[in-house]
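Undergrad: Have a look at the structure that comes next, please.
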Amino acid sequence: MYDLTVIGGGPGGYVAAIRGAQNGLKVILVEKDSLGGTCLNRGCISTKCFAYDAKLLEAARTSQVLTGAEALSIDLVKMVARKRQVVETLVSGLGKIIQSHGIDVAQGLGELIAPGSVGVCQDDGSTKEYQARHVILATGSRPAVLPFIEVDGRYVQTTDEALDSEDIPGKLIIIGGGVIGVEMATICRTLGSEVTILELLPDILTTEDEEIRRAMRMLMEQRGVKIHLNAKVKEVAARDEKVEVTYEDETGQGQTFEAERVLVATGRAPVLDGINAGKLGLETDGPFIKVNARLETSLPGVYAIGDLVGGMMLAHKAMAEAEATVANILGGNEEVKPELIPRCIWGFTEIASVGLTEEEVRASGRQINVGKFPYINSSAARVMGDINGLAKILGDSETGEILGVHILGPHATELIGESVMAMTMESAVEDLAKAIKPHPTLGETVMEAAMDWGGLAVNSPKKL
Ligand code: NAI
């Protein structure tokens, strides 16, 4: 008898298993594939490896001092091999960490048979059953493909296939201008593809602050990515080594584009394989497993976390939910507040944000001051030679409560951590302004934006 069975070994599942073991629980982790889930094997880590390589190339090409850099190119076979090596190292390291904590790993598809009872499909087709006091479902998500699109893996791909391709198409159409669409457009465009994004909505990255996403869209267009908004894709047909994509534009007219490859990036759907939601009466919320603030499902002793429960489909959100769930199993009462989960996008430059967008705050009717600091005024950004960017802070005009922080620019994804900490500790905008930053660093951009919130930015001209 175990204390805890975790189904799914991605960032949600492995963190839950490790935290459980660290707290003295006897844990079994069920995984049908490689440990690490989408994030390690087919998602975050792979895209960040490629984004890093693409950025290196771009930095060399645009350097004012390197000579001969225009002739540089990336060896795609080596790029994919490096990514595989990084993934393999992390997956094998994770296996050792899990082993070091005495966590049992059952290889195979996990099936929720009843609360506390999980079956694991064996190679010979039989099922081995494990009993535990608590079960955490952490089965993640997979690409959601529009019903009329057939993913053949060669001409029509999702990230599952694209991140293992050792070639770059001359012409690429990306369906969907969300996070994956923007990140993959950046990588492929930098490596030489002609990239067109077809996005259904009136803008790309619609969950981000309007000013920030507008700046990103302009940057992408400057770098040669073609973006068609209000474009509803109706048909994708692969023929004669080409793919034709037909969409309806904003006037209702049909348009057809041709490319060598199509990437479908229209969101992800939860993986419910083996969960038997209908049979067990496990309540759902649309396609997701329904949970309360404590991450409890409608079945006693059964919890669900990560992409499976909807909200932001982010590895660190799943990890935070794993920690909260284990704390709750141990008798605590923890929840993960969505307004404290940072969002990060690795495009031609980085976007990182936490909390509400300016549009959301304005719609709520709250009185706010908006503090801003452009990278162009930052000495550190000048030194780096990359002055495209902006730090923006939304704070209650009376209390100074931080309601949202949005950063666009180099290292935004590293910079956001301080703002998440400030919001978690319920610090005020003035605290972000007062905390001393080393000079010259990009951290000063957030500090100056906080100073600007109070009308006191030092490195910006006086406002008239
Ligand atoms: P997404 O939900 O961010 O974007 C999908 C886009 O496709 C939307 O803008 C939607 O309007 C558009 N779309 C849907 N149907 C369409 C149609 N028929 N024609 C044209 N456009 C259409 O989903 P995405 O980019 O696939 O990412 C999946 C999940 O993975 C997201 O939740 C994302 O946050 C997460 N992710 C996070 C990353 C990060 O944190 N850096 C990296 C990659 C993925």
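Please note that chains go A, B, ... in the order of the structure tokens, that every chain numbers its residues from 1, and that ligands are numbered from 1 in the order shown.
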Env of range 312-321 of chain A: 7 Å cut, atoms = only C-alpha atoms, seq-sep filter 5 positions within chain, self excluded. Answer as a PDB file with all heavy atoms, in the first residue's frame.
TA:
```pdb
ATOM      1  N   PRO A  11       6.431  17.788 -15.453  1.00  0.00           N
ATOM      2  CA  PRO A  11       6.797  18.727 -14.377  1.00  0.00           C
ATOM      3  C   PRO A  11       5.822  18.700 -13.199  1.00  0.00           C
ATOM      4  O   PRO A  11       6.243  18.863 -12.051  1.00  0.00           O
ATOM      5  CB  PRO A  11       6.762  20.090 -15.063  1.00  0.00           C
ATOM      6  CG  PRO A  11       6.975  19.792 -16.502  1.00  0.00           C
ATOM      7  CD  PRO A  11       6.367  18.452 -16.766  1.00  0.00           C
ATOM      8  N   GLY A  12       4.532  18.502 -13.452  1.00  0.00           N
ATOM      9  CA  GLY A  12       3.577  18.401 -12.342  1.00  0.00           C
ATOM     10  C   GLY A  12       3.808  17.110 -11.573  1.00  0.00           C
ATOM     11  O   GLY A  12       3.994  17.116 -10.350  1.00  0.00           O
ATOM     12  N   VAL A  15       7.404  16.633  -9.750  1.00  0.00           N
ATOM     13  CA  VAL A  15       7.543  17.496  -8.565  1.00  0.00           C
ATOM     14  C   VAL A  15       6.675  16.946  -7.424  1.00  0.00           C
ATOM     15  O   VAL A  15       7.102  16.888  -6.271  1.00  0.00           O
ATOM     16  CB  VAL A  15       7.188  18.970  -8.897  1.00  0.00           C
ATOM     17  CG1 VAL A  15       7.088  19.804  -7.615  1.00  0.00           C
ATOM     18  CG2 VAL A  15       8.246  19.562  -9.820  1.00  0.00           C
ATOM     19  N   CYS A  39       7.358  18.970 -21.347  1.00  0.00           N
ATOM     20  CA  CYS A  39       8.336  20.044 -21.110  1.00  0.00           C
ATOM     21  C   CYS A  39       9.759  19.589 -21.444  1.00  0.00           C
ATOM     22  O   CYS A  39      10.441  20.217 -22.250  1.00  0.00           O
ATOM     23  CB  CYS A  39       8.250  20.509 -19.663  1.00  0.00           C
ATOM     24  SG  CYS A  39       9.530  21.679 -19.228  1.00  0.00           S
ATOM     25  N   ILE A 305      -3.715  18.022 -11.451  1.00  0.00           N
ATOM     26  CA  ILE A 305      -2.873  19.221 -11.554  1.00  0.00           C
ATOM     27  C   ILE A 305      -2.395  19.408 -13.001  1.00  0.00           C
ATOM     28  O   ILE A 305      -2.484  18.508 -13.827  1.00  0.00           O
ATOM     29  CB  ILE A 305      -1.632  19.113 -10.632  1.00  0.00           C
ATOM     30  CG1 ILE A 305      -0.790  17.864 -10.983  1.00  0.00           C
ATOM     31  CG2 ILE A 305      -2.042  19.063  -9.166  1.00  0.00           C
ATOM     32  CD1 ILE A 305       0.525  17.780 -10.214  1.00  0.00           C
ATOM     33  N   GLY A 306      -1.867  20.595 -13.279  1.00  0.00           N
ATOM     34  CA  GLY A 306      -1.206  20.867 -14.559  1.00  0.00           C
ATOM     35  C   GLY A 306      -2.166  21.098 -15.712  1.00  0.00           C
ATOM     36  O   GLY A 306      -3.303  21.539 -15.527  1.00  0.00           O
ATOM     37  N   ASP A 307      -1.719  20.778 -16.922  1.00  0.00           N
ATOM     38  CA  ASP A 307      -2.510  21.039 -18.135  1.00  0.00           C
ATOM     39  C   ASP A 307      -3.877  20.349 -18.083  1.00  0.00           C
ATOM     40  O   ASP A 307      -4.829  20.797 -18.718  1.00  0.00           O
ATOM     41  CB  ASP A 307      -1.760  20.557 -19.385  1.00  0.00           C
ATOM     42  CG  ASP A 307      -0.526  21.386 -19.693  1.00  0.00           C
ATOM     43  OD1 ASP A 307      -0.232  22.313 -18.911  1.00  0.00           O
ATOM     44  OD2 ASP A 307       0.148  21.116 -20.703  1.00  0.00           O
ATOM     45  N   VAL A 336      -2.989  27.739  -5.603  1.00  0.00           N
ATOM     46  CA  VAL A 336      -2.096  28.474  -6.490  1.00  0.00           C
ATOM     47  C   VAL A 336      -2.901  29.628  -7.085  1.00  0.00           C
ATOM     48  O   VAL A 336      -3.932  29.400  -7.716  1.00  0.00           O
ATOM     49  CB  VAL A 336      -1.544  27.558  -7.605  1.00  0.00           C
ATOM     50  CG1 VAL A 336      -0.676  28.346  -8.574  1.00  0.00           C
ATOM     51  CG2 VAL A 336      -0.756  26.409  -6.995  1.00  0.00           C
ATOM     52  N   ILE A 341       1.190  33.742 -11.252  1.00  0.00           N
ATOM     53  CA  ILE A 341       1.933  32.829 -12.139  1.00  0.00           C
ATOM     54  C   ILE A 341       2.509  33.644 -13.309  1.00  0.00           C
ATOM     55  O   ILE A 341       1.752  34.253 -14.074  1.00  0.00           O
ATOM     56  CB  ILE A 341       1.011  31.726 -12.712  1.00  0.00           C
ATOM     57  CG1 ILE A 341       0.367  30.932 -11.566  1.00  0.00           C
ATOM     58  CG2 ILE A 341       1.788  30.806 -13.647  1.00  0.00           C
ATOM     59  CD1 ILE A 341      -0.712  29.957 -12.031  1.00  0.00           C
TER      60      ILE A 341
END
```
Undergrad: Looking only at the backbone, which of the residues in range 90-264 of chain A does DSSP tag as strand (DSSP E or B), as a PyMOL selection string?
TA: chain A and resi 104-107+110-114+117-121+127-137+141-143+156-157+171-175+194-198+226-228+232-239+242-248+254-259+261-264
Undergrad: With only C-alpha atoms and all ligand atoms counted, collect every polymer residue having an atom within 7 Å of ligand 1; state the result as a ChimeraX atom specification.
TA: /A:43-44,143,146,175-181,198-201,204-206,231-234,265-268,312-314,343-346
Undergrad: Which residues, written as JSON, numbers by chain, have at least one atom at most 12 Å from Gln122 in chain A, with only C-alpha atoms counted and residues fewer than 2 positions away on the same chain left out?
TA: {"A": [30, 31, 32, 106, 107, 108, 109, 110, 111, 119, 120, 124, 125, 126, 127, 128, 129]}
Undergrad: Looking at only C-alpha atoms, which of A:Lys437, A:Lys463, A:Lys171, A:Arg214 is the one that sits closest to Ile197 in chain A?
TA: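 Comparing A:Lys437, A:Lys463, A:Lys171, A:Arg214 against Ile197 in chain A, the winner is A:Lys171.
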Undergrad: Neighbouring residues of Gln22 in chain A were defined as those with any atom within 10 Å, considering only C-alpha atoms; residues of the same chain fewer than 3 positions away were excluded. Please report them as a compact mmCIF listing (two decimals) with C-alpha atoms, in the first residue's frame.
TA:
```txt
# COMPACT_ATOMS: atom_id res chain seq x y z
CA ALA A 16 4.57 15.95 -6.72
CA ALA A 17 6.43 12.62 -6.41
CA ILE A 18 9.64 14.23 -5.13
CA ARG A 19 7.83 16.56 -2.68
CA LEU A 25 5.27 9.57 1.83
CA LYS A 26 5.72 6.19 0.12
CA HIS A 101 14.32 9.64 -3.16
CA GLY A 102 13.25 5.99 -3.12
CA ILE A 103 10.29 6.65 -5.42
```
Undergrad: For range 80-88 of chain A, find every residue with an atom within 10 Å (counting only C-alpha atoms), except residues of its own chain fewer than 4 positions away, and show them as a list in words.
TA: Ser34, Gly36, Cys39, Leu40, Asn41, Arg42, Ile45, Ser46, Thr47, Lys48, Cys49, Phe50, Asp53, Asp75, Leu76, Ser92, Gly93, Leu94, Leu163, Asp164, Ser165, Glu166 and Asp167 of chain A
Undergrad: Could you write those residues out with N, CA, C and O atoms, as an mmCIF file, in the first residue's frame?
TA:
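Result written to part20.cif:
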```
data_model
loop_
_atom_site.group_PDB
_atom_site.id
_atom_site.type_symbol
_atom_site.label_atom_id
_atom_site.label_comp_id
_atom_site.auth_asym_id
_atom_site.auth_seq_id
_atom_site.Cartn_x
_atom_site.Cartn_y
_atom_site.Cartn_z
ATOM 1 N N SER A 34 8.891 8.667 -21.573
ATOM 2 C CA SER A 34 10.101 9.129 -20.876
ATOM 3 C C SER A 34 9.715 10.018 -19.709
ATOM 4 O O SER A 34 8.774 10.810 -19.830
ATOM 5 N N GLY A 36 9.735 13.277 -17.471
ATOM 6 C CA GLY A 36 9.950 14.678 -17.864
ATOM 7 C C GLY A 36 8.806 15.258 -18.658
ATOM 8 O O GLY A 36 8.709 16.477 -18.818
ATOM 9 N N CYS A 39 7.358 18.970 -21.347
ATOM 10 C CA CYS A 39 8.336 20.044 -21.110
ATOM 11 C C CYS A 39 9.759 19.589 -21.444
ATOM 12 O O CYS A 39 10.441 20.217 -22.250
ATOM 13 N N LEU A 40 10.177 18.480 -20.866
ATOM 14 C CA LEU A 40 11.550 18.029 -21.110
ATOM 15 C C LEU A 40 11.718 17.401 -22.488
ATOM 16 O O LEU A 40 12.711 17.632 -23.171
ATOM 17 N N ASN A 41 10.743 16.607 -22.904
ATOM 18 C CA ASN A 41 10.941 15.778 -24.104
ATOM 19 C C ASN A 41 10.522 16.430 -25.416
ATOM 20 O O ASN A 41 11.121 16.186 -26.443
ATOM 21 N N ARG A 42 9.457 17.226 -25.387
ATOM 22 C CA ARG A 42 8.909 17.738 -26.658
ATOM 23 C C ARG A 42 8.436 19.182 -26.559
ATOM 24 O O ARG A 42 7.579 19.594 -27.298
ATOM 25 N N ILE A 45 12.051 22.670 -23.088
ATOM 26 C CA ILE A 45 13.516 22.541 -23.152
ATOM 27 C C ILE A 45 13.990 22.538 -24.609
ATOM 28 O O ILE A 45 14.958 23.214 -24.965
ATOM 29 N N SER A 46 13.264 21.819 -25.481
ATOM 30 C CA SER A 46 13.662 21.766 -26.896
ATOM 31 C C SER A 46 13.552 23.146 -27.542
ATOM 32 O O SER A 46 14.484 23.599 -28.219
ATOM 33 N N THR A 47 12.429 23.812 -27.329
ATOM 34 C CA THR A 47 12.267 25.121 -27.989
ATOM 35 C C THR A 47 13.286 26.117 -27.457
ATOM 36 O O THR A 47 13.796 26.939 -28.206
ATOM 37 N N LYS A 48 13.593 26.023 -26.154
ATOM 38 C CA LYS A 48 14.565 26.984 -25.609
ATOM 39 C C LYS A 48 15.963 26.700 -26.131
ATOM 40 O O LYS A 48 16.737 27.623 -26.357
ATOM 41 N N CYS A 49 16.312 25.437 -26.351
ATOM 42 C CA CYS A 49 17.620 25.126 -26.978
ATOM 43 C C CYS A 49 17.692 25.794 -28.349
ATOM 44 O O CYS A 49 18.675 26.457 -28.683
ATOM 45 N N PHE A 50 16.629 25.606 -29.152
ATOM 46 C CA PHE A 50 16.633 26.179 -30.511
ATOM 47 C C PHE A 50 16.600 27.708 -30.455
ATOM 48 O O PHE A 50 17.256 28.382 -31.242
ATOM 49 N N ASP A 53 20.053 28.932 -29.764
ATOM 50 C CA ASP A 53 20.936 28.845 -30.928
ATOM 51 C C ASP A 53 20.592 29.934 -31.960
ATOM 52 O O ASP A 53 21.481 30.559 -32.538
ATOM 53 N N ASP A 75 24.248 24.714 -38.344
ATOM 54 C CA ASP A 75 24.202 23.323 -38.803
ATOM 55 C C ASP A 75 22.984 22.676 -38.114
ATOM 56 O O ASP A 75 23.006 22.427 -36.902
ATOM 57 N N LEU A 76 21.929 22.442 -38.905
ATOM 58 C CA LEU A 76 20.664 21.983 -38.317
ATOM 59 C C LEU A 76 20.783 20.603 -37.677
ATOM 60 O O LEU A 76 20.164 20.326 -36.657
ATOM 61 N N SER A 92 17.815 11.772 -17.904
ATOM 62 C CA SER A 92 18.514 10.758 -17.106
ATOM 63 C C SER A 92 18.816 11.313 -15.709
ATOM 64 O O SER A 92 18.733 10.589 -14.708
ATOM 65 N N GLY A 93 19.118 12.602 -15.607
ATOM 66 C CA GLY A 93 19.335 13.227 -14.289
ATOM 67 C C GLY A 93 18.080 13.135 -13.441
ATOM 68 O O GLY A 93 18.141 12.826 -12.246
ATOM 69 N N LEU A 94 16.937 13.365 -14.072
ATOM 70 C CA LEU A 94 15.662 13.306 -13.345
ATOM 71 C C LEU A 94 15.429 11.889 -12.812
ATOM 72 O O LEU A 94 15.007 11.707 -11.662
ATOM 73 N N LEU A 163 9.959 19.699 -33.683
ATOM 74 C CA LEU A 163 11.140 19.832 -32.825
ATOM 75 C C LEU A 163 12.151 18.713 -33.047
ATOM 76 O O LEU A 163 13.220 18.711 -32.447
ATOM 77 N N ASP A 164 11.829 17.773 -33.912
ATOM 78 C CA ASP A 164 12.785 16.726 -34.255
ATOM 79 C C ASP A 164 13.188 16.765 -35.725
ATOM 80 O O ASP A 164 13.913 15.890 -36.190
ATOM 81 N N SER A 165 12.711 17.775 -36.451
ATOM 82 C CA SER A 165 13.047 17.866 -37.883
ATOM 83 C C SER A 165 14.456 18.423 -38.053
ATOM 84 O O SER A 165 14.801 19.421 -37.420
ATOM 85 N N GLU A 166 15.217 17.776 -38.932
ATOM 86 C CA GLU A 166 16.597 18.230 -39.131
ATOM 87 C C GLU A 166 16.715 19.106 -40.373
ATOM 88 O O GLU A 166 17.789 19.272 -40.942
ATOM 89 N N ASP A 167 15.599 19.624 -40.839
ATOM 90 C CA ASP A 167 15.657 20.574 -41.949
ATOM 91 C C ASP A 167 14.673 21.700 -41.677
ATOM 92 O O ASP A 167 13.814 21.599 -40.816
#
```
Undergrad: With distances taken over only C-alpha atoms, which residue among A:Ile173, A:Leu432, A:Val420, A:Ala215 lies nearest Cys188 in chain A?
TA: A:Ile173
Undergrad: Counting only C-alpha atoms, which of A:Pro438, A:Pro300, A:Pro338, A:Gly443 gets nearest to Tyr375 in chain A?
TA: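 Answer, going by the shortest atom-to-atom distance: A:Gly443.
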Undergrad: Could you find all residues in range 294-333 of chain A that DSSP calls alpha helix (DSSP H) from the backbone, and write them as a list in words?
TA: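 Residues meeting the alpha helix (DSSP H) criterion: Ala315, His316, Lys317, Ala318, Met319, Ala320, Glu321, Ala322, Glu323, Ala324, Thr325, Val326, Ala327, Asn328 and Ile329 of chain A.
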Undergrad: Please produce an output containing N, CA and C atoms for each residue in the selection, written as a PDB file, in the first residue's frame.
TA:
```pdb
ATOM      1  N   ALA A 315       4.624  24.782 -17.504  1.00  0.00           N
ATOM      2  CA  ALA A 315       5.312  23.813 -16.643  1.00  0.00           C
ATOM      3  C   ALA A 315       5.368  24.306 -15.201  1.00  0.00           C
ATOM      4  N   HIS A 316       5.694  25.601 -15.024  1.00  0.00           N
ATOM      5  CA  HIS A 316       5.856  26.092 -13.638  1.00  0.00           C
ATOM      6  C   HIS A 316       4.524  26.209 -12.911  1.00  0.00           C
ATOM      7  N   LYS A 317       3.434  26.332 -13.658  1.00  0.00           N
ATOM      8  CA  LYS A 317       2.112  26.320 -13.002  1.00  0.00           C
ATOM      9  C   LYS A 317       1.840  24.903 -12.478  1.00  0.00           C
ATOM     10  N   ALA A 318       2.158  23.894 -13.310  1.00  0.00           N
ATOM     11  CA  ALA A 318       1.975  22.503 -12.886  1.00  0.00           C
ATOM     12  C   ALA A 318       2.841  22.196 -11.666  1.00  0.00           C
ATOM     13  N   MET A 319       4.079  22.714 -11.673  1.00  0.00           N
ATOM     14  CA  MET A 319       4.991  22.465 -10.531  1.00  0.00           C
ATOM     15  C   MET A 319       4.426  23.085  -9.253  1.00  0.00           C
ATOM     16  N   ALA A 320       3.928  24.317  -9.375  1.00  0.00           N
ATOM     17  CA  ALA A 320       3.364  24.996  -8.193  1.00  0.00           C
ATOM     18  C   ALA A 320       2.140  24.233  -7.697  1.00  0.00           C
ATOM     19  N   GLU A 321       1.321  23.737  -8.621  1.00  0.00           N
ATOM     20  CA  GLU A 321       0.136  22.970  -8.209  1.00  0.00           C
ATOM     21  C   GLU A 321       0.540  21.653  -7.532  1.00  0.00           C
ATOM     22  N   ALA A 322       1.637  21.078  -8.006  1.00  0.00           N
ATOM     23  CA  ALA A 322       2.133  19.831  -7.391  1.00  0.00           C
ATOM     24  C   ALA A 322       2.504  20.088  -5.933  1.00  0.00           C
ATOM     25  N   GLU A 323       3.226  21.168  -5.710  1.00  0.00           N
ATOM     26  CA  GLU A 323       3.640  21.497  -4.331  1.00  0.00           C
ATOM     27  C   GLU A 323       2.418  21.742  -3.454  1.00  0.00           C
ATOM     28  N   ALA A 324       1.455  22.501  -3.972  1.00  0.00           N
ATOM     29  CA  ALA A 324       0.254  22.818  -3.180  1.00  0.00           C
ATOM     30  C   ALA A 324      -0.517  21.533  -2.868  1.00  0.00           C
ATOM     31  N   THR A 325      -0.621  20.636  -3.859  1.00  0.00           N
ATOM     32  CA  THR A 325      -1.386  19.398  -3.660  1.00  0.00           C
ATOM     33  C   THR A 325      -0.759  18.531  -2.572  1.00  0.00           C
ATOM     34  N   VAL A 326       0.565  18.384  -2.639  1.00  0.00           N
ATOM     35  CA  VAL A 326       1.228  17.556  -1.613  1.00  0.00           C
ATOM     36  C   VAL A 326       1.028  18.201  -0.238  1.00  0.00           C
ATOM     37  N   ALA A 327       1.139  19.532  -0.169  1.00  0.00           N
ATOM     38  CA  ALA A 327       0.907  20.219   1.116  1.00  0.00           C
ATOM     39  C   ALA A 327      -0.516  19.928   1.604  1.00  0.00           C
ATOM     40  N   ASN A 328      -1.479  19.906   0.693  1.00  0.00           N
ATOM     41  CA  ASN A 328      -2.874  19.642   1.087  1.00  0.00           C
ATOM     42  C   ASN A 328      -3.055  18.192   1.546  1.00  0.00           C
ATOM     43  N   ILE A 329      -2.370  17.270   0.849  1.00  0.00           N
ATOM     44  CA  ILE A 329      -2.435  15.857   1.257  1.00  0.00           C
ATOM     45  C   ILE A 329      -1.912  15.719   2.691  1.00  0.00           C
TER      46      ILE A 329
END
```
Undergrad: When you draw a straight line from CA of Val405 in chain A to CA of Trp453 in chain A, how long is it in Å?
TA: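 Calculated distance between CA of Val405 in chain A and CA of Trp453 in chain A is 11.6 Å.
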Undergrad: Find the distance between CA of Arg223 in chain A and CA of Val182 in chain A and write it in Å to one decimal.
TA: 12.3 Å
Undergrad: Determine the nearest neighbour of Leu4 in chain A from the options A:His406, A:Arg217, A:Lys337, A:His134, counting only C-alpha atoms.
TA: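 Closest candidate: A:His134.
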Undergrad: Which is closest to Ala412 in chain A among A:Glu350, A:Asp386, A:Pro374, A:Ala457, if we use only C-alpha atoms?
TA: A:Glu350
Undergrad: Find the distance between CA of Ser73 in chain A and CA of Leu191 in chain A and write it in Å to one decimal.
TA: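 That distance, rounded to one decimal, is 7.7 Å.
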Undergrad: Which one is closest to Asp203 in chain A: A:Thr38, A:Thr445, A:Thr284, A:Asn230? Count only C-alpha atoms.
TA: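 Comparing A:Thr38, A:Thr445, A:Thr284, A:Asn230 against Asp203 in chain A, the winner is A:Asn230.
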Undergrad: Neighbouring residues of range 258-263 of chain A were defined as those with any atom within 6 Å, considering only C-alpha atoms; residues of the same chain fewer than 6 positions away were excluded. Please report them as a list of chain:residue names.
TA: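 Everything that qualifies: A:Tyr155, A:Val156, A:Gln157, A:Thr158, A:Pro169, A:Lys171, A:Leu172, A:Ile173, A:Ile174, A:Lys242, A:Val243, A:Glu244.
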Undergrad: Skip Ile416 in chain A itself and residues of its chain fewer than 3 positions away, then list as a list in words all residues within 8 Å of it, counting only C-alpha atoms.
TA: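 Residues near the query, excluding close chain neighbours: Pro342, Ala352, Ser353, Val354, Val405, Ile407, Ala412, Thr413, Ser419 and Val420 of chain A.
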Undergrad: With all heavy atoms retained, write the just-selected residues as an mmCIF file, in the first residue's frame.
TA:
```
data_model
loop_
_atom_site.group_PDB
_atom_site.id
_atom_site.type_symbol
_atom_site.label_atom_id
_atom_site.label_comp_id
_atom_site.auth_asym_id
_atom_site.auth_seq_id
_atom_site.Cartn_x
_atom_site.Cartn_y
_atom_site.Cartn_z
ATOM 1 N N PRO A 342 3.831 33.680 -13.432
ATOM 2 C CA PRO A 342 4.402 34.441 -14.548
ATOM 3 C C PRO A 342 4.186 33.750 -15.887
ATOM 4 O O PRO A 342 4.056 32.529 -15.954
ATOM 5 C CB PRO A 342 5.892 34.497 -14.203
ATOM 6 C CG PRO A 342 6.136 33.339 -13.302
ATOM 7 C CD PRO A 342 4.859 33.051 -12.577
ATOM 8 N N ALA A 352 7.805 38.792 -20.749
ATOM 9 C CA ALA A 352 7.481 38.135 -19.479
ATOM 10 C C ALA A 352 6.490 39.015 -18.746
ATOM 11 O O ALA A 352 6.593 40.247 -18.788
ATOM 12 C CB ALA A 352 8.733 37.935 -18.648
ATOM 13 N N SER A 353 5.525 38.395 -18.109
ATOM 14 C CA SER A 353 4.505 39.193 -17.435
ATOM 15 C C SER A 353 3.949 38.434 -16.247
ATOM 16 O O SER A 353 4.064 37.209 -16.160
ATOM 17 C CB SER A 353 3.377 39.526 -18.425
ATOM 18 O OG SER A 353 2.843 38.330 -18.961
ATOM 19 N N VAL A 354 3.343 39.185 -15.345
ATOM 20 C CA VAL A 354 2.648 38.575 -14.207
ATOM 21 C C VAL A 354 1.499 39.509 -13.839
ATOM 22 O O VAL A 354 1.620 40.723 -13.936
ATOM 23 C CB VAL A 354 3.612 38.323 -13.010
ATOM 24 C CG1 VAL A 354 4.279 39.592 -12.524
ATOM 25 C CG2 VAL A 354 2.883 37.639 -11.858
ATOM 26 N N VAL A 405 2.819 43.375 -13.999
ATOM 27 C CA VAL A 405 4.134 43.808 -14.485
ATOM 28 C C VAL A 405 4.350 43.148 -15.843
ATOM 29 O O VAL A 405 4.093 41.945 -16.006
ATOM 30 C CB VAL A 405 5.270 43.415 -13.506
ATOM 31 C CG1 VAL A 405 6.616 43.869 -14.039
ATOM 32 C CG2 VAL A 405 5.016 44.002 -12.114
ATOM 33 N N ILE A 407 7.087 42.960 -19.144
ATOM 34 C CA ILE A 407 8.426 43.304 -19.637
ATOM 35 C C ILE A 407 8.601 42.730 -21.037
ATOM 36 O O ILE A 407 8.291 41.556 -21.271
ATOM 37 C CB ILE A 407 9.540 42.742 -18.715
ATOM 38 C CG1 ILE A 407 9.275 43.104 -17.254
ATOM 39 C CG2 ILE A 407 10.904 43.264 -19.147
ATOM 40 C CD1 ILE A 407 10.180 42.381 -16.260
ATOM 41 N N ALA A 412 13.930 39.429 -20.315
ATOM 42 C CA ALA A 412 12.661 39.688 -19.607
ATOM 43 C C ALA A 412 12.269 38.487 -18.757
ATOM 44 O O ALA A 412 11.771 38.640 -17.635
ATOM 45 C CB ALA A 412 11.564 40.004 -20.623
ATOM 46 N N THR A 413 12.512 37.271 -19.282
ATOM 47 C CA THR A 413 12.068 36.073 -18.565
ATOM 48 C C THR A 413 12.847 35.863 -17.256
ATOM 49 O O THR A 413 12.353 35.221 -16.346
ATOM 50 C CB THR A 413 12.193 34.812 -19.453
ATOM 51 O OG1 THR A 413 13.555 34.682 -19.866
ATOM 52 C CG2 THR A 413 11.302 34.911 -20.676
ATOM 53 N N SER A 419 9.547 40.670 -9.713
ATOM 54 C CA SER A 419 8.189 41.212 -9.601
ATOM 55 C C SER A 419 7.234 40.165 -9.038
ATOM 56 O O SER A 419 6.332 40.484 -8.263
ATOM 57 C CB SER A 419 7.686 41.688 -10.972
ATOM 58 O OG SER A 419 8.540 42.693 -11.457
ATOM 59 N N VAL A 420 7.443 38.885 -9.434
ATOM 60 C CA VAL A 420 6.604 37.806 -8.887
ATOM 61 C C VAL A 420 6.819 37.750 -7.372
ATOM 62 O O VAL A 420 5.874 37.647 -6.592
ATOM 63 C CB VAL A 420 6.951 36.444 -9.530
ATOM 64 C CG1 VAL A 420 6.124 35.327 -8.911
ATOM 65 C CG2 VAL A 420 6.732 36.482 -11.039
#
```
